[in-house]
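This is work19.pdb. It holds PDB, C-alpha atoms.
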ATOM      1  CA  MET A   1      56.353 -19.205  -9.090  1.00  0.00           C
ATOM      2  CA  ASN A   2      54.931 -22.570  -8.055  1.00  0.00           C
ATOM      3  CA  ILE A   3      52.741 -24.148 -10.728  1.00  0.00           C
ATOM      4  CA  THR A   4      50.482 -27.208 -10.498  1.00  0.00           C
ATOM      5  CA  ILE A   5      49.144 -29.100 -13.507  1.00  0.00           C
ATOM      6  CA  VAL A   6      46.205 -31.430 -12.866  1.00  0.00           C
ATOM      7  CA  GLY A   7      45.948 -33.917 -15.705  1.00  0.00           C
ATOM      8  CA  SER A   8      49.664 -33.590 -16.373  1.00  0.00           C
ATOM      9  CA  THR A   9      50.010 -36.998 -18.027  1.00  0.00           C
ATOM     10  CA  GLY A  10      47.291 -36.354 -20.636  1.00  0.00           C
ATOM     11  CA  ASN A  11      47.788 -34.667 -24.002  1.00  0.00           C
ATOM     12  CA  VAL A  12      46.758 -31.198 -22.834  1.00  0.00           C
ATOM     13  CA  GLY A  13      48.739 -31.457 -19.596  1.00  0.00           C
ATOM     14  CA  ARG A  14      51.854 -32.459 -21.509  1.00  0.00           C
ATOM     15  CA  LYS A  15      51.330 -29.538 -23.890  1.00  0.00           C
ATOM     16  CA  ILE A  16      51.096 -27.132 -20.932  1.00  0.00           C
ATOM     17  CA  ILE A  17      54.409 -28.499 -19.650  1.00  0.00           C
ATOM     18  CA  GLU A  18      55.932 -28.055 -23.113  1.00  0.00           C
ATOM     19  CA  VAL A  19      54.696 -24.460 -23.441  1.00  0.00           C
ATOM     20  CA  LEU A  20      55.924 -23.508 -19.951  1.00  0.00           C
ATOM     21  CA  GLU A  21      59.338 -24.833 -20.902  1.00  0.00           C
ATOM     22  CA  LYS A  22      59.486 -23.290 -24.400  1.00  0.00           C
ATOM     23  CA  LYS A  23      58.358 -19.892 -23.114  1.00  0.00           C
ATOM     24  CA  ASN A  24      60.853 -20.144 -20.239  1.00  0.00           C
ATOM     25  CA  PHE A  25      58.042 -19.326 -17.814  1.00  0.00           C
ATOM     26  CA  PRO A  26      59.484 -18.524 -14.364  1.00  0.00           C
ATOM     27  CA  VAL A  27      58.695 -21.768 -12.525  1.00  0.00           C
ATOM     28  CA  ASP A  28      60.254 -22.342  -9.106  1.00  0.00           C
ATOM     29  CA  ASN A  29      58.452 -25.628  -8.476  1.00  0.00           C
ATOM     30  CA  LEU A  30      56.315 -27.598 -10.904  1.00  0.00           C
ATOM     31  CA  TYR A  31      53.825 -30.020  -9.374  1.00  0.00           C
ATOM     32  CA  LEU A  32      52.497 -32.641 -11.748  1.00  0.00           C
ATOM     33  CA  VAL A  33      49.247 -34.227 -10.629  1.00  0.00           C
ATOM     34  CA  ALA A  34      47.127 -37.006 -12.116  1.00  0.00           C
ATOM     35  CA  SER A  35      44.953 -39.977 -11.217  1.00  0.00           C
ATOM     36  CA  SER A  36      46.176 -42.735  -8.953  1.00  0.00           C
ATOM     37  CA  LYS A  37      46.965 -44.904 -11.971  1.00  0.00           C
ATOM     38  CA  SER A  38      49.463 -42.298 -13.253  1.00  0.00           C
ATOM     39  CA  ALA A  39      50.826 -41.281  -9.847  1.00  0.00           C
ATOM     40  CA  GLY A  40      54.451 -42.289  -9.457  1.00  0.00           C
ATOM     41  CA  SER A  41      55.264 -41.961 -13.142  1.00  0.00           C
ATOM     42  CA  LYS A  42      57.781 -39.292 -14.138  1.00  0.00           C
ATOM     43  CA  LEU A  43      57.733 -36.489 -16.687  1.00  0.00           C
ATOM     44  CA  ARG A  44      60.586 -34.236 -17.786  1.00  0.00           C
ATOM     45  CA  PHE A  45      60.676 -30.461 -17.353  1.00  0.00           C
ATOM     46  CA  LYS A  46      63.778 -28.361 -18.003  1.00  0.00           C
ATOM     47  CA  GLY A  47      66.027 -31.405 -17.946  1.00  0.00           C
ATOM     48  CA  LYS A  48      64.683 -32.793 -14.672  1.00  0.00           C
ATOM     49  CA  GLU A  49      62.392 -35.707 -13.990  1.00  0.00           C
ATOM     50  CA  ILE A  50      59.376 -34.813 -11.863  1.00  0.00           C
ATOM     51  CA  GLU A  51      57.290 -37.480 -10.198  1.00  0.00           C
ATOM     52  CA  VAL A  52      53.547 -37.286 -10.801  1.00  0.00           C
ATOM     53  CA  GLU A  53      51.542 -36.938  -7.604  1.00  0.00           C
ATOM     54  CA  ASN A  54      48.152 -38.456  -6.797  1.00  0.00           C
ATOM     55  CA  LEU A  55      45.244 -36.037  -7.273  1.00  0.00           C
ATOM     56  CA  GLU A  56      43.257 -37.548  -4.405  1.00  0.00           C
ATOM     57  CA  THR A  57      45.926 -36.689  -1.821  1.00  0.00           C
ATOM     58  CA  PHE A  58      47.578 -33.633  -3.382  1.00  0.00           C
ATOM     59  CA  ASP A  59      48.032 -30.516  -1.212  1.00  0.00           C
ATOM     60  CA  PHE A  60      46.838 -27.636  -3.420  1.00  0.00           C
ATOM     61  CA  SER A  61      48.458 -25.043  -1.152  1.00  0.00           C
ATOM     62  CA  LYS A  62      51.781 -25.903  -2.839  1.00  0.00           C
ATOM     63  CA  GLY A  63      50.936 -24.046  -6.058  1.00  0.00           C
ATOM     64  CA  LYS A  64      50.216 -20.399  -6.802  1.00  0.00           C
ATOM     65  CA  ILE A  65      48.581 -21.247 -10.140  1.00  0.00           C
ATOM     66  CA  THR A  66      46.836 -24.547 -10.859  1.00  0.00           C
ATOM     67  CA  PHE A  67      45.994 -25.613 -14.391  1.00  0.00           C
ATOM     68  CA  PHE A  68      43.169 -28.137 -14.734  1.00  0.00           C
ATOM     69  CA  SER A  69      43.324 -30.210 -17.913  1.00  0.00           C
ATOM     70  CA  ALA A  70      41.678 -33.445 -16.801  1.00  0.00           C
ATOM     71  CA  GLY A  71      38.066 -32.976 -17.935  1.00  0.00           C
ATOM     72  CA  GLY A  72      34.892 -31.545 -16.477  1.00  0.00           C
ATOM     73  CA  LYS A  73      34.228 -34.216 -13.857  1.00  0.00           C
ATOM     74  CA  ILE A  74      37.667 -33.684 -12.305  1.00  0.00           C
ATOM     75  CA  SER A  75      37.234 -29.893 -12.395  1.00  0.00           C
ATOM     76  CA  GLU A  76      33.813 -30.244 -10.796  1.00  0.00           C
ATOM     77  CA  LYS A  77      35.231 -32.340  -7.971  1.00  0.00           C
ATOM     78  CA  TYR A  78      38.592 -30.632  -7.307  1.00  0.00           C
ATOM     79  CA  ALA A  79      38.792 -27.101  -8.801  1.00  0.00           C
ATOM     80  CA  ALA A  80      36.962 -25.327  -5.953  1.00  0.00           C
ATOM     81  CA  LYS A  81      39.212 -27.094  -3.443  1.00  0.00           C
ATOM     82  CA  ALA A  82      42.290 -25.976  -5.391  1.00  0.00           C
ATOM     83  CA  ALA A  83      40.884 -22.431  -5.685  1.00  0.00           C
ATOM     84  CA  GLU A  84      40.932 -22.111  -1.890  1.00  0.00           C
ATOM     85  CA  HIS A  85      44.736 -22.055  -2.146  1.00  0.00           C
ATOM     86  CA  SER A  86      45.706 -21.046  -5.689  1.00  0.00           C
ATOM     87  CA  THR A  87      44.374 -19.392  -8.805  1.00  0.00           C
ATOM     88  CA  VAL A  88      42.782 -22.034 -11.008  1.00  0.00           C
ATOM     89  CA  ILE A  89      42.870 -21.915 -14.801  1.00  0.00           C
ATOM     90  CA  ASP A  90      40.370 -24.495 -15.996  1.00  0.00           C
ATOM     91  CA  ASN A  91      40.642 -25.994 -19.453  1.00  0.00           C
ATOM     92  CA  SER A  92      37.485 -28.104 -19.165  1.00  0.00           C
ATOM     93  CA  SER A  93      33.963 -27.076 -20.075  1.00  0.00           C
ATOM     94  CA  TYR A  94      32.747 -27.226 -16.480  1.00  0.00           C
ATOM     95  CA  PHE A  95      32.994 -23.505 -15.585  1.00  0.00           C
ATOM     96  CA  ARG A  96      32.471 -21.977 -19.020  1.00  0.00           C
ATOM     97  CA  MET A  97      28.850 -20.990 -18.362  1.00  0.00           C
ATOM     98  CA  ASP A  98      29.300 -20.043 -14.687  1.00  0.00           C
ATOM     99  CA  PRO A  99      28.426 -16.332 -14.355  1.00  0.00           C
ATOM    100  CA  ASP A 100      30.956 -15.955 -11.509  1.00  0.00           C
ATOM    101  CA  VAL A 101      33.852 -17.372 -13.531  1.00  0.00           C
ATOM    102  CA  PRO A 102      35.269 -15.266 -16.366  1.00  0.00           C
ATOM    103  CA  LEU A 103      35.570 -17.081 -19.691  1.00  0.00           C
ATOM    104  CA  ILE A 104      38.806 -15.704 -21.103  1.00  0.00           C
ATOM    105  CA  VAL A 105      40.436 -15.567 -24.509  1.00  0.00           C
ATOM    106  CA  PRO A 106      43.401 -13.283 -23.705  1.00  0.00           C
ATOM    107  CA  GLU A 107      43.511 -11.626 -27.140  1.00  0.00           C
ATOM    108  CA  ILE A 108      39.827 -10.747 -26.826  1.00  0.00           C
ATOM    109  CA  ASN A 109      38.746 -10.039 -23.259  1.00  0.00           C
ATOM    110  CA  SER A 110      41.703 -10.090 -20.874  1.00  0.00           C
ATOM    111  CA  HIS A 111      40.098  -7.092 -19.154  1.00  0.00           C
ATOM    112  CA  ASP A 112      37.512  -9.530 -17.736  1.00  0.00           C
ATOM    113  CA  LEU A 113      40.208 -11.152 -15.606  1.00  0.00           C
ATOM    114  CA  LYS A 114      39.340  -8.630 -12.906  1.00  0.00           C
ATOM    115  CA  ASN A 115      36.302 -10.812 -12.155  1.00  0.00           C
ATOM    116  CA  TYR A 116      38.167 -14.030 -11.367  1.00  0.00           C
ATOM    117  CA  LYS A 117      38.403 -13.400  -7.613  1.00  0.00           C
ATOM    118  CA  LYS A 118      34.743 -14.305  -7.045  1.00  0.00           C
ATOM    119  CA  LYS A 119      35.719 -17.988  -7.183  1.00  0.00           C
ATOM    120  CA  ASN A 120      39.477 -17.696  -7.868  1.00  0.00           C
ATOM    121  CA  ILE A 121      38.859 -19.607 -11.107  1.00  0.00           C
ATOM    122  CA  ILE A 122      39.404 -18.620 -14.736  1.00  0.00           C
ATOM    123  CA  ALA A 123      37.826 -20.634 -17.558  1.00  0.00           C
ATOM    124  CA  ASN A 124      39.227 -20.740 -21.042  1.00  0.00           C
ATOM    125  CA  ALA A 125      37.185 -21.163 -24.176  1.00  0.00           C
ATOM    126  CA  ASN A 126      36.931 -24.302 -26.268  1.00  0.00           C
ATOM    127  CA  CYS A 127      39.953 -24.984 -28.477  1.00  0.00           C
ATOM    128  CA  SER A 128      37.930 -24.590 -31.680  1.00  0.00           C
ATOM    129  CA  VAL A 129      36.242 -21.387 -30.511  1.00  0.00           C
ATOM    130  CA  ILE A 130      39.440 -19.547 -29.581  1.00  0.00           C
ATOM    131  CA  PRO A 131      40.835 -19.103 -33.135  1.00  0.00           C
ATOM    132  CA  LEU A 132      37.362 -18.264 -34.412  1.00  0.00           C
ATOM    133  CA  VAL A 133      36.810 -15.395 -31.965  1.00  0.00           C
ATOM    134  CA  VAL A 134      40.369 -14.151 -32.477  1.00  0.00           C
ATOM    135  CA  ALA A 135      39.586 -13.890 -36.196  1.00  0.00           C
ATOM    136  CA  LEU A 136      36.159 -12.308 -35.596  1.00  0.00           C
ATOM    137  CA  LYS A 137      37.299  -9.690 -33.038  1.00  0.00           C
ATOM    138  CA  PRO A 138      38.733  -7.212 -35.601  1.00  0.00           C
ATOM    139  CA  LEU A 139      35.563  -7.561 -37.676  1.00  0.00           C
ATOM    140  CA  HIS A 140      33.429  -6.948 -34.598  1.00  0.00           C
ATOM    141  CA  ASP A 141      35.470  -3.864 -33.746  1.00  0.00           C
ATOM    142  CA  LEU A 142      34.803  -2.478 -37.242  1.00  0.00           C
ATOM    143  CA  TYR A 143      31.217  -3.602 -37.848  1.00  0.00           C
ATOM    144  CA  ASN A 144      29.700  -4.482 -34.438  1.00  0.00           C
ATOM    145  CA  ILE A 145      28.740  -8.083 -35.165  1.00  0.00           C
ATOM    146  CA  LYS A 146      25.431  -9.048 -33.530  1.00  0.00           C
ATOM    147  CA  ARG A 147      25.408 -12.823 -34.210  1.00  0.00           C
TER
END
As structure tokens, please, write out the structure in this file.
Amino acid sequence: MNITIVGSTGNVGRKIIEVLEKKNFPVDNLYLVASSKSAGSKLRFKGKEIEVENLETFDFSKGKITFFSAGGKISEKYAAKAAEHSTVIDNSSYFRMDPDVPLIVPEINSHDLKNYKKKNIIANANCSVIPLVVALKPLHDLYNIKR
């Protein structure tokens, strides 16, 4: 599978690279994308150096899945363009309240993924909210938490 990571040189982008490698995710081609100031730098993945490409000129048709981890302004400007060619998983806050974009915590509501095709974008919850809702889900299942 061809994977693109926008914001690959930032902390979250680097963590995505690390997780893909540790989990031995089946990656045929990994495209690392960042701002023009980071373009040309190199990051390692599975023992190989991969050159970071410039976001402004990147061809999003290269990837099947595109992770956005560069902040809301970048997602606002580029995610819809990427979603014309690949499935976007957005780590910013930009799409979290969009009614046409499912907000997913896999342990909680993976069944809502069926709705991602409206915009070809999936939003993930805030990093502090995810563990909270994972902990609350079993309690909700038992006691139907209202608020």
(Q) Which residues, named as in the file, does the PyMOL selection byres ((chain A and resi 20) around 12) pick out? Answer as number ranges by chain. (A) A: 1-5, 13-19, 21-30, 44-46, 67
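Taken over the whole file, the PyMOL selection byres ((chain A and resi 54) around 7) covers exactly A:Val33, A:Ala34, A:Ser35, A:Ser36, A:Ala39, A:Val52, A:Glu53, A:Leu55, A:Glu56, A:Thr57, A:Phe58.
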Q. Could you state the separation of atom CA of Pro138 of chain A and atom CA of Glu107 of chain A in Å, given to one decimal place?
A. 10.7 Å
Q: Could you tell me how far atom CA of His111 of chain A lies from atom CA of Asn11 of chain A, in Å and to one decimal?
A: 29.0 Å
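For the pair atom CA of Tyr31 of chain A and atom CA of Gly71 of chain A, the separation is 18.2 Å.
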Neighbouring residues of segment 76-87 of chain A were defined as those with any atom within 10 Å, considering all atoms listed in the file; residues of the same chain fewer than 3 positions away were excluded. Please report them as a PDB file with C-alpha atoms, in the frame of the given file.
ATOM      1  CA  ASN A   2      54.931 -22.570  -8.055  1.00  0.00           C
ATOM      2  CA  ILE A   3      52.741 -24.148 -10.728  1.00  0.00           C
ATOM      3  CA  THR A   4      50.482 -27.208 -10.498  1.00  0.00           C
ATOM      4  CA  VAL A   6      46.205 -31.430 -12.866  1.00  0.00           C
ATOM      5  CA  LEU A  55      45.244 -36.037  -7.273  1.00  0.00           C
ATOM      6  CA  GLU A  56      43.257 -37.548  -4.405  1.00  0.00           C
ATOM      7  CA  PHE A  58      47.578 -33.633  -3.382  1.00  0.00           C
ATOM      8  CA  ASP A  59      48.032 -30.516  -1.212  1.00  0.00           C
ATOM      9  CA  PHE A  60      46.838 -27.636  -3.420  1.00  0.00           C
ATOM     10  CA  SER A  61      48.458 -25.043  -1.152  1.00  0.00           C
ATOM     11  CA  LYS A  62      51.781 -25.903  -2.839  1.00  0.00           C
ATOM     12  CA  GLY A  63      50.936 -24.046  -6.058  1.00  0.00           C
ATOM     13  CA  LYS A  64      50.216 -20.399  -6.802  1.00  0.00           C
ATOM     14  CA  ILE A  65      48.581 -21.247 -10.140  1.00  0.00           C
ATOM     15  CA  THR A  66      46.836 -24.547 -10.859  1.00  0.00           C
ATOM     16  CA  PHE A  67      45.994 -25.613 -14.391  1.00  0.00           C
ATOM     17  CA  PHE A  68      43.169 -28.137 -14.734  1.00  0.00           C
ATOM     18  CA  GLY A  71      38.066 -32.976 -17.935  1.00  0.00           C
ATOM     19  CA  GLY A  72      34.892 -31.545 -16.477  1.00  0.00           C
ATOM     20  CA  LYS A  73      34.228 -34.216 -13.857  1.00  0.00           C
ATOM     21  CA  ASP A  90      40.370 -24.495 -15.996  1.00  0.00           C
ATOM     22  CA  SER A  92      37.485 -28.104 -19.165  1.00  0.00           C
ATOM     23  CA  SER A  93      33.963 -27.076 -20.075  1.00  0.00           C
ATOM     24  CA  TYR A  94      32.747 -27.226 -16.480  1.00  0.00           C
ATOM     25  CA  PHE A  95      32.994 -23.505 -15.585  1.00  0.00           C
ATOM     26  CA  TYR A 116      38.167 -14.030 -11.367  1.00  0.00           C
ATOM     27  CA  LYS A 117      38.403 -13.400  -7.613  1.00  0.00           C
ATOM     28  CA  LYS A 119      35.719 -17.988  -7.183  1.00  0.00           C
ATOM     29  CA  ASN A 120      39.477 -17.696  -7.868  1.00  0.00           C
ATOM     30  CA  ILE A 121      38.859 -19.607 -11.107  1.00  0.00           C
ATOM     31  CA  ILE A 122      39.404 -18.620 -14.736  1.00  0.00           C
TER      32      ILE A 122
END
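Neighbours of Val105 of chain A closer than or equal to 12 Å, with all atoms listed in the file counted and sequence neighbours fewer than 2 positions away skipped, come out as Ile89, Asn91, Arg96, Pro102, Leu103, Glu107, Ile108, Asn109, Ser110, His111, Asp112, Leu113, Ile122, Ala123, Asn124, Ala125, Asn126, Cys127, Ser128, Val129, Ile130, Pro131, Leu132, Val133, Val134, Ala135 and Lys137 of chain A.
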Please enclose the listed atoms of segment 12-18 of chain A in an axis-aligned box, pad each side by 3 Å, and write out the centre and the three edge lengths in Å, rounded to one decimal, as JSON.
{"center_x": 51.3, "center_y": -29.8, "center_z": -21.7, "size_x": 15.2, "size_y": 11.3, "size_z": 10.3}
**Q.** Selection result of the PyMOL selection byres ((chain A and resi 51) around 8) on this file, as a PyMOL selection string
**A.** chain A and resi 32+39-43+49-50+52-53
